[in-house]
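Trainee: I'm passing along entry.cif; it holds mmCIF, C-alpha atoms.
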data_coords
loop_
_atom_site.group_PDB
_atom_site.id
_atom_site.type_symbol
_atom_site.label_atom_id
_atom_site.label_comp_id
_atom_site.auth_asym_id
_atom_site.auth_seq_id
_atom_site.Cartn_x
_atom_site.Cartn_y
_atom_site.Cartn_z
ATOM 1 C CA MET A 447 2.852 21.009 -169.161
ATOM 2 C CA ARG A 448 0.732 22.090 -166.263
ATOM 3 C CA LYS A 449 0.109 25.751 -165.524
ATOM 4 C CA GLU A 450 2.256 25.768 -162.372
ATOM 5 C CA GLN A 451 5.207 24.477 -164.425
ATOM 6 C CA ARG A 452 5.299 27.547 -166.677
ATOM 7 C CA ILE A 453 7.252 30.751 -166.318
ATOM 8 C CA LYS A 454 5.145 33.577 -167.745
ATOM 9 C CA LYS A 455 5.858 36.790 -165.858
ATOM 10 C CA ASN A 456 8.552 39.178 -166.938
ATOM 11 C CA GLU A 457 9.952 39.388 -163.369
ATOM 12 C CA GLU A 458 10.361 35.601 -163.276
ATOM 13 C CA PHE A 459 12.245 35.612 -166.589
ATOM 14 C CA SER A 460 14.425 38.481 -165.363
ATOM 15 C CA ALA A 461 15.266 36.617 -162.145
ATOM 16 C CA VAL A 462 16.455 33.590 -164.114
ATOM 17 C CA PHE A 463 18.457 35.759 -166.536
ATOM 18 C CA ASN A 464 20.058 37.866 -163.788
ATOM 19 C CA HIS A 465 20.718 35.252 -161.102
ATOM 20 C CA GLY A 466 20.914 31.971 -163.019
ATOM 21 C CA ARG A 467 23.691 30.465 -165.066
ATOM 22 C CA SER A 468 23.603 29.896 -168.814
ATOM 23 C CA VAL A 469 24.882 27.281 -171.210
ATOM 24 C CA ALA A 470 24.609 27.449 -174.989
ATOM 25 C CA ASN A 471 25.250 25.748 -178.287
ATOM 26 C CA ARG A 472 24.438 26.948 -181.799
ATOM 27 C CA GLN A 473 20.737 26.180 -181.514
ATOM 28 C CA PHE A 474 19.786 26.926 -177.898
ATOM 29 C CA VAL A 475 20.649 28.971 -174.830
ATOM 30 C CA LEU A 476 19.570 27.367 -171.548
ATOM 31 C CA TYR A 477 19.352 29.471 -168.385
ATOM 32 C CA VAL A 478 19.072 27.581 -165.085
ATOM 33 C CA LEU A 479 18.210 28.928 -161.636
ATOM 34 C CA GLN A 480 17.819 26.831 -158.499
ATOM 35 C CA LYS A 481 14.646 27.525 -156.472
ATOM 36 C CA GLU A 482 14.593 25.598 -153.187
ATOM 37 C CA GLU A 483 11.054 26.680 -152.278
ATOM 38 C CA GLN A 484 9.338 24.999 -155.252
ATOM 39 C CA GLU A 485 8.559 21.304 -155.613
ATOM 40 C CA GLN A 486 8.992 20.847 -159.364
ATOM 41 C CA PHE A 487 10.814 22.443 -162.245
ATOM 42 C CA ARG A 488 9.336 25.324 -164.256
ATOM 43 C CA LEU A 489 9.955 26.132 -167.901
ATOM 44 C CA GLY A 490 10.032 29.443 -169.755
ATOM 45 C CA LEU A 491 10.377 29.729 -173.520
ATOM 46 C CA SER A 492 11.663 32.522 -175.718
ATOM 47 C CA VAL A 493 11.545 32.315 -179.495
ATOM 48 C CA SER A 494 12.250 35.559 -181.338
ATOM 49 C CA LYS A 495 10.471 36.729 -184.478
ATOM 50 C CA LYS A 496 13.885 36.514 -186.156
ATOM 51 C CA VAL A 497 13.570 32.718 -185.987
ATOM 52 C CA GLY A 498 10.465 32.573 -188.176
ATOM 53 C CA ASN A 499 6.790 33.330 -188.499
ATOM 54 C CA ALA A 500 4.181 32.407 -185.857
ATOM 55 C CA VAL A 501 3.718 28.877 -187.207
ATOM 56 C CA VAL A 502 7.450 28.155 -187.011
ATOM 57 C CA ARG A 503 7.805 29.734 -183.549
ATOM 58 C CA ASN A 504 4.860 27.755 -182.156
ATOM 59 C CA ARG A 505 6.266 24.511 -183.606
ATOM 60 C CA ILE A 506 9.599 25.208 -181.913
ATOM 61 C CA LYS A 507 7.897 25.890 -178.566
ATOM 62 C CA ARG A 508 5.861 22.703 -178.895
ATOM 63 C CA LEU A 509 9.007 20.679 -179.581
ATOM 64 C CA ILE A 510 10.842 22.203 -176.606
ATOM 65 C CA ARG A 511 7.917 21.347 -174.296
ATOM 66 C CA THR A 512 7.858 17.803 -175.694
ATOM 67 C CA VAL A 513 11.560 17.278 -174.977
ATOM 68 C CA PHE A 514 11.160 18.606 -171.430
ATOM 69 C CA GLN A 515 8.149 16.334 -170.835
ATOM 70 C CA GLU A 516 10.103 13.329 -172.073
ATOM 71 C CA LYS A 517 13.025 14.201 -169.799
ATOM 72 C CA GLN A 518 11.043 15.297 -166.724
ATOM 73 C CA GLU A 519 11.920 12.073 -164.872
ATOM 74 C CA ILE A 520 15.658 12.790 -165.087
ATOM 75 C CA LEU A 521 15.561 16.604 -164.833
ATOM 76 C CA LEU A 522 16.438 18.086 -161.477
ATOM 77 C CA PRO A 523 13.352 19.447 -159.701
ATOM 78 C CA ARG A 524 13.385 22.770 -157.823
ATOM 79 C CA TYR A 525 14.852 24.607 -160.821
ATOM 80 C CA ASP A 526 13.611 27.240 -163.242
ATOM 81 C CA TYR A 527 14.667 26.658 -166.849
ATOM 82 C CA VAL A 528 14.470 29.251 -169.604
ATOM 83 C CA VAL A 529 15.186 28.102 -173.155
ATOM 84 C CA ILE A 530 16.002 30.585 -175.887
ATOM 85 C CA ALA A 531 15.764 29.134 -179.384
ATOM 86 C CA ARG A 532 18.149 30.438 -182.018
ATOM 87 C CA LYS A 533 17.638 30.697 -185.782
ATOM 88 C CA PRO A 534 18.932 27.219 -186.816
ATOM 89 C CA THR A 535 16.090 25.556 -184.873
ATOM 90 C CA ALA A 536 13.600 26.605 -187.576
ATOM 91 C CA THR A 537 14.913 24.020 -190.035
ATOM 92 C CA MET A 538 15.682 21.149 -187.653
ATOM 93 C CA ASP A 539 13.728 17.903 -187.541
ATOM 94 C CA TYR A 540 12.613 16.353 -184.251
ATOM 95 C CA TYR A 541 15.655 14.108 -183.777
ATOM 96 C CA GLU A 542 18.170 16.909 -184.376
ATOM 97 C CA PHE A 543 16.108 19.123 -182.092
ATOM 98 C CA HIS A 544 16.021 16.516 -179.315
ATOM 99 C CA ALA A 545 19.759 15.788 -179.590
ATOM 100 C CA SER A 546 20.708 19.464 -179.525
ATOM 101 C CA LEU A 547 18.508 20.322 -176.542
ATOM 102 C CA ALA A 548 19.711 17.202 -174.688
ATOM 103 C CA HIS A 549 23.293 18.314 -175.375
ATOM 104 C CA VAL A 550 22.663 21.729 -173.778
ATOM 105 C CA MET A 551 20.957 20.082 -170.776
ATOM 106 C CA LYS A 552 23.900 17.737 -170.319
ATOM 107 C CA LYS A 553 26.330 20.657 -170.586
ATOM 108 C CA ALA A 554 24.372 22.504 -167.887
ATOM 109 C CA GLY A 555 24.407 19.424 -165.645
ATOM 110 C CA VAL A 556 20.668 19.571 -164.963
ATOM 111 C CA SER A 557 19.784 15.901 -165.277
ATOM 112 C CA ARG A 558 19.966 13.542 -162.338
ATOM 113 C CA ARG A 559 22.248 11.235 -164.307
ATOM 114 C CA SER A 560 24.775 13.944 -165.167
ATOM 115 C CA SER A 561 24.787 15.318 -161.608
ATOM 116 C CA GLU A 562 25.285 11.817 -160.167
ATOM 117 C CA HIS A 563 28.071 11.248 -162.668
ATOM 118 C CA ALA A 564 29.712 14.565 -161.725
ATOM 119 C CA SER A 565 29.550 13.764 -158.009
ATOM 120 C CA LYS A 566 31.200 10.374 -158.606
ATOM 121 C CA LYS A 567 34.135 12.125 -160.305
ATOM 122 C CA ASP A 568 34.811 14.260 -157.191
#
Could you quickly redo this structure as structure tokens?
Mentor:
Amino acid sequence: MRKEQRIKKNEEFSAVFNHGRSVANRQFVLYVLQKEEQEQFRLGLSVSKKVGNAVVRNRIKRLIRTVFQEKQEILLPRYDYVVIARKPTATMDYYEFHASLAHVMKKAGVSRRSSEHASKKD
């Protein structure tokens, strides 16, 4: 992911936590905040030391970035996303990881397909 697609500052994380909405399953919490002034989505990651050692935490962050890169074509732009990984992610393989994160994204309605589908229901 490019530098401008990352959320790094504490104030930016706090804005997403305080003003965004959240969706969760057993493995992930996804916070979403719409930002009209930006062109593309940005991603922030949070993986606690409770999840595992540095190697495990970095693997989890790498996998999250990979899933977001694969889904960037269908993700809604102009949003900030913050993903919090929970303990079960430490033992998941890539396919379980991908399915679980995709499930949370679908629940949050952040993909173009799910938002088009939701607007057709109305």
Trainee: Name the residues captured by the PyMOL selection byres ((chain A and resi 461-474) around 6) when it is applied to the shown file; answer as an NGL selection string.
Mentor: :A and (458-460 or 475-479 or 530-532 or 534-535 or 554)
Trainee: Near range 537-545 of chain A, counting only C-alpha atoms, which residues have an atom at most 8 Å away, once you skip same-chain residues fewer than 3 positions from it, shown as a ChimeraX atom specification?
Mentor: /A:509,513,534,548-549
Trainee: How about saving the chosen residues, C-alpha atoms kept, as a compact mmCIF listing (two decimals), in the coordinates of the input?
Mentor:
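Full text of again_24.txt as output:
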# COMPACT_ATOMS: atom_id res chain seq x y z
CA LEU A 509 9.01 20.68 -179.58
CA VAL A 513 11.56 17.28 -174.98
CA PRO A 534 18.93 27.22 -186.82
CA ALA A 548 19.71 17.20 -174.69
CA HIS A 549 23.29 18.31 -175.38
Trainee: Rank A:Arg524, A:Lys552, A:Arg558, A:Lys496 by their smallest atom-to-atom distance to Gln484 in chain A, using only C-alpha atoms, and report the top residue only.
Mentor: A:Arg524
Trainee: Between A:Ile510, A:Arg488, A:Gln515, A:Glu450, which has the minimum distance to Ser546 in chain A (counting all atoms listed in the file)?
Mentor: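 Of all the options, A:Ile510 lies closest to Ser546 in chain A.
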Trainee: CA of Leu491 in chain A and CA of Lys455 in chain A, how far apart in Å?
Mentor: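 Atom-to-atom, CA of Lys455 in chain A and CA of Leu491 in chain A are spaced 11.4 Å apart.
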Trainee: Any chance you could resolve the PyMOL selection byres ((chain A and resi 490) around 7) against this file and give the residues as JSON, numbers by chain?
Mentor: {"A": [452, 453, 454, 488, 489, 491, 492, 527, 528, 529]}
Trainee: Would you please work out which residue, of A:Glu457, A:Glu485, A:Ala536, A:Ser557, is nearest to Lys507 in chain A when using only C-alpha atoms?
Mentor: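 Under the stated criterion, the closest residue is A:Ala536.
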